[in-house]
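Just target.csv here, CSV, C-alpha atoms (C1' of nucleotides):
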chain,number,residue,atom,x,y,z
A,1,MET,CA,-16.8,-5.0,-1.6
A,2,VAL,CA,-18.1,-3.7,-4.9
A,3,VAL,CA,-20.0,-0.4,-4.7
A,4,ASN,CA,-20.5,0.3,-8.3
A,5,PRO,CA,-21.1,-2.9,-10.3
A,6,ALA,CA,-21.9,-1.0,-13.4
A,7,HIS,CA,-18.3,-0.2,-14.5
A,8,ARG,CA,-18.5,2.3,-17.4
A,9,LEU,CA,-16.3,1.8,-20.3
A,10,SER,CA,-15.2,5.4,-20.0
A,11,ASP,CA,-14.2,5.0,-16.4
A,12,MET,CA,-10.6,4.9,-15.4
A,13,ARG,CA,-9.9,2.3,-12.7
A,14,ILE,CA,-7.0,2.9,-10.4
A,15,ALA,CA,-5.8,0.6,-7.7
A,16,THR,CA,-3.2,0.1,-5.0
A,17,TRP,CA,-1.8,-3.2,-3.6
A,18,ASN,CA,1.0,-3.9,-1.2
A,19,VAL,CA,2.2,-7.2,-2.7
A,20,ASN,CA,4.8,-8.1,-0.1
A,21,SER,CA,7.5,-9.1,-2.6
A,22,VAL,CA,6.5,-8.8,-6.3
A,23,LYS,CA,8.7,-11.8,-7.2
A,24,GLN,CA,6.7,-14.0,-4.8
A,25,ARG,CA,3.4,-12.6,-5.9
A,26,ILE,CA,3.9,-12.3,-9.7
A,27,ASP,CA,1.4,-15.1,-10.6
A,28,SER,CA,-1.2,-13.6,-8.2
A,29,LEU,CA,-0.6,-10.2,-9.6
A,30,THR,CA,-1.1,-11.2,-13.2
A,31,ALA,CA,-4.2,-13.2,-12.3
A,32,TRP,CA,-5.7,-10.2,-10.4
A,33,LEU,CA,-4.8,-7.8,-13.2
A,34,ALA,CA,-6.7,-10.0,-15.6
A,35,GLU,CA,-9.7,-10.3,-13.2
A,36,ARG,CA,-10.0,-6.6,-12.1
A,37,SER,CA,-8.7,-5.0,-15.2
A,38,PRO,CA,-7.3,-1.8,-13.6
A,39,ASP,CA,-5.9,0.9,-15.8
A,40,ILE,CA,-3.3,2.1,-13.3
A,41,VAL,CA,-1.9,0.2,-10.3
A,42,CYS,CA,0.3,1.4,-7.5
A,43,LEU,CA,2.4,-1.3,-5.9
A,44,GLN,CA,4.3,-1.3,-2.6
A,45,GLU,CA,6.8,-3.6,-0.9
A,46,THR,CA,8.1,-4.9,-4.2
A,47,LYS,CA,11.3,-5.9,-2.3
A,48,CYS,CA,13.6,-6.0,-5.2
A,49,VAL,CA,16.1,-3.9,-7.1
A,50,ASP,CA,14.9,-2.4,-10.4
A,51,ASP,CA,16.8,-4.8,-12.6
A,52,ALA,CA,15.1,-7.8,-10.9
A,53,PHE,CA,11.5,-6.5,-11.2
A,54,PRO,CA,9.5,-9.0,-13.3
A,55,ARG,CA,8.4,-6.6,-16.0
A,56,GLU,CA,7.7,-9.0,-18.8
A,57,PRO,CA,4.6,-10.8,-17.6
A,58,ILE,CA,3.1,-7.4,-16.7
A,59,GLU,CA,4.0,-5.8,-20.0
A,60,ALA,CA,2.5,-8.8,-21.8
A,61,LEU,CA,-0.8,-7.7,-20.3
A,62,GLY,CA,-0.5,-4.3,-21.9
A,63,TYR,CA,1.0,-2.3,-19.0
A,64,ASN,CA,3.8,0.2,-18.9
A,65,VAL,CA,6.0,-0.3,-15.8
A,66,ALA,CA,7.7,2.3,-13.7
A,67,VAL,CA,9.8,1.1,-10.7
A,68,HIS,CA,11.7,2.5,-7.8
A,69,GLY,CA,13.1,-0.3,-5.7
A,70,GLN,CA,16.0,-1.3,-3.5
A,71,LYS,CA,17.5,-4.4,-2.1
A,72,THR,CA,15.6,-6.5,0.4
A,73,PHE,CA,13.0,-4.0,1.7
A,74,ASN,CA,10.5,-1.4,0.6
A,75,GLY,CA,10.1,-0.7,-3.1
A,76,VAL,CA,7.3,0.9,-5.0
A,77,ALA,CA,6.0,0.7,-8.6
A,78,ILE,CA,3.3,2.1,-10.9
A,79,LEU,CA,1.7,0.1,-13.7
A,80,SER,CA,-0.2,1.9,-16.4
A,81,ARG,CA,-2.1,1.1,-19.6
A,82,PHE,CA,-1.4,4.7,-20.6
A,83,ARG,CA,2.1,6.0,-21.4
A,84,PHE,CA,4.0,7.7,-18.6
A,85,ASP,CA,4.7,11.3,-19.1
A,86,GLU,CA,7.0,12.1,-16.2
A,87,VAL,CA,8.2,9.6,-13.5
A,88,THR,CA,9.8,10.9,-10.4
A,89,PRO,CA,11.0,8.8,-7.4
A,90,ARG,CA,11.5,10.0,-3.8
A,91,LEU,CA,9.3,12.1,-1.6
A,92,PRO,CA,10.8,15.6,-1.3
A,93,GLY,CA,12.0,17.0,2.0
A,94,ASP,CA,14.9,14.8,3.0
A,95,ALA,CA,17.7,14.1,0.5
A,96,ALA,CA,19.3,11.7,3.0
A,97,ASP,CA,16.3,9.4,3.1
A,98,GLU,CA,17.3,6.3,1.1
A,99,HIS,CA,14.2,4.3,1.5
A,100,ALA,CA,12.4,3.5,-1.7
A,101,ARG,CA,8.9,4.5,-0.6
A,102,PHE,CA,7.6,7.0,-3.1
A,103,LEU,CA,7.1,7.2,-6.9
A,104,GLU,CA,5.1,9.9,-8.7
A,105,ALA,CA,4.0,9.7,-12.3
A,106,THR,CA,2.0,11.9,-14.6
A,107,ILE,CA,0.0,10.2,-17.3
A,108,SER,CA,-1.3,11.8,-20.4
A,109,THR,CA,-4.4,10.1,-21.7
A,110,THR,CA,-6.9,10.9,-24.4
A,111,ARG,CA,-9.2,11.6,-21.5
A,112,GLY,CA,-6.9,14.1,-19.8
A,113,VAL,CA,-3.9,14.2,-17.4
A,114,LEU,CA,-3.7,12.4,-14.2
A,115,ARG,CA,-1.0,12.6,-11.5
A,116,VAL,CA,-0.5,9.5,-9.4
A,117,ALA,CA,1.8,8.7,-6.5
A,118,SER,CA,2.5,5.2,-5.1
A,119,ILE,CA,3.2,5.6,-1.4
A,120,TYR,CA,4.6,3.2,1.2
A,121,LEU,CA,4.5,5.2,4.4
A,122,PRO,CA,6.8,3.9,7.2
A,123,ASN,CA,5.3,1.5,9.7
A,124,GLY,CA,6.8,3.3,12.8
A,125,ASN,CA,6.9,0.5,15.3
A,126,PRO,CA,8.0,0.3,18.0
A,127,PRO,CA,6.7,3.8,18.9
A,128,ASP,CA,9.4,4.6,21.5
A,129,THR,CA,12.1,4.5,18.9
A,130,GLU,CA,13.5,6.6,16.0
A,131,LYS,CA,11.3,4.5,13.7
A,132,TYR,CA,8.3,6.4,14.9
A,133,THR,CA,10.1,9.7,14.7
A,134,TYR,CA,10.9,8.8,11.1
A,135,LYS,CA,7.2,8.0,10.4
A,136,LEU,CA,6.0,11.3,11.7
A,137,LYS,CA,8.6,13.2,9.8
A,138,TRP,CA,7.7,11.3,6.6
A,139,MET,CA,4.1,12.2,7.2
A,140,ASP,CA,5.0,15.9,7.6
A,141,ARG,CA,6.9,15.7,4.2
A,142,LEU,CA,3.9,14.0,2.6
A,143,ILE,CA,1.6,16.8,3.9
A,144,LYS,CA,3.9,19.5,2.5
A,145,TYR,CA,4.1,17.6,-0.9
A,146,ALA,CA,0.3,17.2,-1.0
A,147,ASN,CA,-0.3,20.8,-0.2
A,148,GLU,CA,1.9,21.9,-3.1
A,149,ARG,CA,0.3,19.4,-5.6
A,150,LEU,CA,-3.2,20.4,-4.6
A,151,ASP,CA,-2.4,24.0,-5.7
A,152,LEU,CA,-2.2,22.6,-9.3
A,153,GLU,CA,-5.9,21.8,-9.2
A,154,GLU,CA,-5.4,18.6,-11.1
A,155,PRO,CA,-6.9,15.1,-10.8
A,156,LEU,CA,-4.4,13.6,-8.3
A,157,ILE,CA,-4.5,10.2,-6.6
A,158,LEU,CA,-2.2,9.4,-3.6
A,159,ALA,CA,-2.5,5.7,-3.4
A,160,GLY,CA,-0.7,3.2,-1.2
A,161,ASP,CA,0.0,1.5,2.1
A,162,TYR,CA,-0.3,4.4,4.6
A,163,ASN,CA,0.3,2.2,7.7
A,164,VAL,CA,-2.4,4.3,9.3
A,165,ILE,CA,-5.7,3.1,10.7
A,166,PRO,CA,-7.8,6.3,10.4
A,167,THR,CA,-10.7,5.6,12.8
A,168,PRO,CA,-12.0,2.9,15.2
A,169,ARG,CA,-14.3,1.7,12.4
A,170,ASP,CA,-11.2,0.7,10.5
A,171,VAL,CA,-10.0,-2.0,13.0
A,172,HIS,CA,-11.6,-5.1,14.3
A,173,ASP,CA,-10.5,-4.4,17.9
A,174,PRO,CA,-9.5,-0.7,18.6
A,175,ALA,CA,-8.3,-1.4,22.1
A,176,ALA,CA,-5.9,-4.1,20.9
A,177,TRP,CA,-4.2,-1.5,18.6
A,178,SER,CA,-4.3,1.5,20.9
A,179,LYS,CA,-0.6,1.5,21.5
A,180,ASP,CA,0.5,0.6,18.0
A,181,ALA,CA,2.2,3.1,15.7
A,182,LEU,CA,-0.6,2.5,13.1
A,183,PHE,CA,-3.3,3.8,15.5
A,184,LEU,CA,-1.7,6.1,18.0
A,185,PRO,CA,-3.4,9.5,18.3
A,186,ARG,CA,-0.4,11.4,16.9
A,187,THR,CA,-0.5,9.1,13.8
A,188,ARG,CA,-4.2,9.6,13.2
A,189,GLU,CA,-3.8,13.4,13.8
A,190,LYS,CA,-1.3,13.6,11.1
A,191,PHE,CA,-3.4,11.6,8.7
A,192,ARG,CA,-6.3,13.9,9.4
A,193,ALA,CA,-4.0,16.9,8.7
A,194,LEU,CA,-3.3,15.3,5.3
A,195,THR,CA,-6.9,14.6,4.4
A,196,HIS,CA,-8.1,17.9,5.7
A,197,LEU,CA,-6.1,19.6,3.0
A,198,GLY,CA,-8.9,18.5,0.8
A,199,LEU,CA,-8.3,14.9,0.0
A,200,THR,CA,-11.1,12.4,-0.2
A,201,ASP,CA,-10.7,8.8,1.1
A,202,ALA,CA,-12.2,6.8,-1.8
A,203,ILE,CA,-13.5,3.9,0.3
A,204,ARG,CA,-15.1,6.2,2.9
A,205,ALA,CA,-16.7,8.3,0.1
A,206,VAL,CA,-18.8,5.2,-0.8
A,207,SER,CA,-19.3,3.5,2.6
A,208,ASP,CA,-19.4,4.5,6.3
A,209,ASP,CA,-19.7,0.9,7.4
A,210,PRO,CA,-17.2,-0.7,9.8
A,211,GLY,CA,-15.3,-3.8,8.8
A,212,HIS,CA,-13.8,-2.7,5.5
A,213,PHE,CA,-10.3,-4.2,6.0
A,214,THR,CA,-7.3,-4.3,3.7
A,215,PHE,CA,-4.8,-6.2,5.8
A,216,TRP,CA,-4.9,-9.3,7.9
A,217,ASP,CA,-1.7,-10.4,9.7
A,218,TYR,CA,-0.2,-13.8,8.8
A,219,GLN,CA,0.0,-14.6,12.5
A,220,ALA,CA,-2.4,-16.0,15.0
A,221,GLY,CA,-5.1,-16.9,12.5
A,222,ALA,CA,-6.0,-13.3,11.9
A,223,TRP,CA,-7.5,-14.0,8.5
A,224,PRO,CA,-9.9,-16.8,9.4
A,225,LYS,CA,-10.9,-14.7,12.5
A,226,ASN,CA,-11.3,-11.6,10.3
A,227,TRP,CA,-9.0,-9.6,12.7
A,228,GLY,CA,-8.3,-7.0,10.0
A,229,ILE,CA,-7.4,-3.4,9.7
A,230,ARG,CA,-7.8,-0.8,6.9
A,231,ILE,CA,-4.5,0.8,6.1
A,232,ASP,CA,-4.3,0.9,2.3
A,233,HIS,CA,-5.9,4.1,1.0
A,234,LEU,CA,-6.7,6.0,-2.2
A,235,LEU,CA,-6.7,9.7,-1.4
A,236,LEU,CA,-8.2,11.9,-4.2
A,237,SER,CA,-7.8,15.6,-4.9
A,238,PRO,CA,-11.1,17.5,-5.4
A,239,GLN,CA,-10.7,17.2,-9.2
A,240,ALA,CA,-10.5,13.4,-8.9
A,241,ALA,CA,-13.1,13.1,-6.2
A,242,ASP,CA,-15.6,14.9,-8.3
A,243,ARG,CA,-15.4,12.1,-10.8
A,244,LEU,CA,-15.5,9.1,-8.3
A,245,SER,CA,-18.0,6.6,-9.5
A,246,GLY,CA,-17.2,3.6,-7.4
A,247,ALA,CA,-14.6,2.0,-5.1
A,248,GLY,CA,-13.9,-1.4,-3.6
A,249,ILE,CA,-11.7,-3.8,-1.7
A,250,ASP,CA,-10.8,-7.1,-3.3
A,251,LYS,CA,-11.0,-9.1,-0.1
A,252,HIS,CA,-11.2,-12.5,-1.8
A,253,VAL,CA,-7.6,-12.2,-2.9
A,254,ARG,CA,-6.5,-12.8,0.7
A,255,SER,CA,-7.8,-16.4,0.4
A,256,TRP,CA,-5.6,-17.1,-2.6
A,257,GLU,CA,-2.7,-19.5,-2.4
A,258,ARG,CA,0.4,-17.9,-0.8
A,259,PRO,CA,-1.2,-14.5,-0.5
A,260,SER,CA,0.1,-11.1,0.4
A,261,ASP,CA,-1.1,-9.9,3.9
A,262,HIS,CA,-2.6,-6.9,2.1
A,263,VAL,CA,-5.4,-7.0,-0.6
A,264,PRO,CA,-6.0,-4.6,-3.6
A,265,VAL,CA,-8.1,-1.5,-3.2
A,266,TRP,CA,-9.5,0.3,-6.3
A,267,ALA,CA,-11.5,3.3,-7.3
A,268,ASP,CA,-13.3,4.2,-10.6
A,269,LEU,CA,-13.1,7.7,-11.9
A,270,ALA,CA,-15.7,8.8,-14.5
A,271,ILE,CA,-13.3,10.5,-16.9
A,272,ASP,CA,-14.9,10.9,-20.3
A,273,PRO,CA,-13.0,10.9,-23.6
A,274,GLU,CA,-12.1,14.2,-24.9
B,1,DA,C1',-3.9,-10.1,20.0
B,2,DT,C1',-0.4,-13.1,19.2
B,3,DG,C1',0.3,-20.4,20.0
B,4,DG,C1',-0.2,-20.1,15.3
B,5,DC,C1',3.6,-16.1,9.7
B,6,DC,C1',6.2,-14.6,5.8
B,7,DA,C1',10.1,-12.8,2.9
B,8,DA,C1',15.1,-11.7,2.1
B,9,DT,C1',19.7,-12.6,3.1
B,10,DA,C1',25.5,-15.7,0.5
B,11,DT,C1',20.6,-18.2,4.7
B,12,DG,C1',20.7,-22.2,8.4
B,13,DA,C1',19.8,-17.0,12.5
B,14,DT,C1',18.5,-12.4,12.0
B,15,DT,C1',15.8,-8.4,10.6
B,16,DG,C1',11.6,-6.2,9.2
B,17,DG,C1',7.0,-6.2,8.7
B,18,DA,C1',2.0,-4.7,11.1

Do you think you could lay out the structure here as structure tokens?
Amino acid sequence: MVVNPAHRLSDMRIATWNVNSVKQRIDSLTAWLAERSPDIVCLQETKCVDDAFPREPIEALGYNVAVHGQKTFNGVAILSRFRFDEVTPRLPGDAADEHARFLEATISTTRGVLRVASIYLPNGNPPDTEKYTYKLKWMDRLIKYANERLDLEEPLILAGDYNVIPTPRDVHDPAAWSKDALFLPRTREKFRALTHLGLTDAIRAVSDDPGHFTFWDYQAGAWPKNWGIRIDHLLLSPQAADRLSGAGIDKHVRSWERPSDHVPVWADLAIDPE
DNA sequence: ATGGCCAATATGATTGGA
């Protein structure tokens, strides 16, 4: 899906992609970076410690790399053609939470300042366990964080794998997902509480159509059957949404060799040079 | 929704993912 084919040179392109192991996906990642040419990229499920992150092939393409990983699971990163100003790991609100699921960066550019967060929101399945409790608490922390950041009235992008299917239009078969942690009413209610703070879902700002998916399960032939869901989102503060000029989902990447089960999502912001 | 997957781990079975 490409909503704005006329990409302006002055636009800033920001993307998010759950790569499901950055070491397994490094060749696909560099190929996609060359193809889509994003300025800023939020990655999730990097699944490696910081020392093992394959920085060199990414830096060779002109990106700065900020990482917050851990052994085996989770892990987030931000790639940027612009220099990082501040880089801060961990979502506030629970000092005991050791999961590497959040990384915030501020980026000073000749076009202004942007604040970006790479988010890997907990899956929460099965819903009758502490995993779902953790998900809901994590969402409460994210709402509090977003509320505080929105007070700054800056261009802010919260990009990542939210593990939330916002509406029935975002899933091939709503009934099949009705008892899943990604689509339960309490999950969707908390996501609405987040967006209702004043955040704009970039894809929904450019299209109301059903069938815009970002994830297809590896199992049961979900990809060839197009049994997908939309769970990777770019949420924009008003100051960022005012400048939204286009957004899209790089669905074709799912058909590449040894793909991630998620595909990249991107948005263009018309931020003019100073 | 599931017959069918994928990634990491001192691995050959288990856990987590969605």

Item to check | 12 Å contact set for region 7-17 of chain B, only C-alpha atoms (C1' of nucleotides), chain neighbours under 4 positions out, as a ChimeraX atom specification | outcome: /A:18-25,45-48,70-74,122-126,131,163,217-219,258-262

Next on the checklist: Could you tell me how far CA of Asp268 (chain A) sits from CA of Pro57 (chain A), in Å to one decimal place?
Outcome noted: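 Rounded to one decimal, the two atoms are 24.4 Å apart.
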
Checklist outcome for this item: Correct to one decimal, the distance CA of Thr195 (chain A)-CA of Gly69 (chain A) is 26.9 Å

Item to check | Cut-off 6 Å around (-3.2, -7.0, 20.4) with all atoms listed in the file: residues as a ChimeraX atom specification | outcome: /A:176-177 /B:1

Take the residues from that selection and put them in a file with C-alpha atoms (C1' of nucleotides), as a short mmCIF file (atom, residue, chain, number, x, y, z; two decimals), in the frame of the given file.
data_model
loop_
_atom_site.label_atom_id
_atom_site.label_comp_id
_atom_site.auth_asym_id
_atom_site.auth_seq_id
_atom_site.Cartn_x
_atom_site.Cartn_y
_atom_site.Cartn_z
CA ALA A 176 -5.90 -4.10 20.90
CA TRP A 177 -4.20 -1.50 18.60
"C1'" DA B 1 -3.90 -10.10 20.00
#

Checklist entry - What residues in chain B lie within 6 Å of chain A, counting all atoms listed in the file, written as a ChimeraX atom specification? => result /B:2,4-5,8

Checklist entry - In Å to one decimal, how far is CA of Tyr120 (chain A) from CA of Asp161 (chain A)? => result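 Spanning CA of Asp161 (chain A) to CA of Tyr120 (chain A) is a straight-line distance of 5.0 Å.
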
Return the padded bounding box of region 9-14 of chain B as lines of an AutoDock Vina configuration file: axis-aligned, built from all atoms listed in the file, 5 Å added on each side, with centre and edge lengths in Å to one decimal.
center_x = 22.0
center_y = -17.3
center_z = 6.5
size_x = 17.0
size_y = 19.8
size_z = 22.0
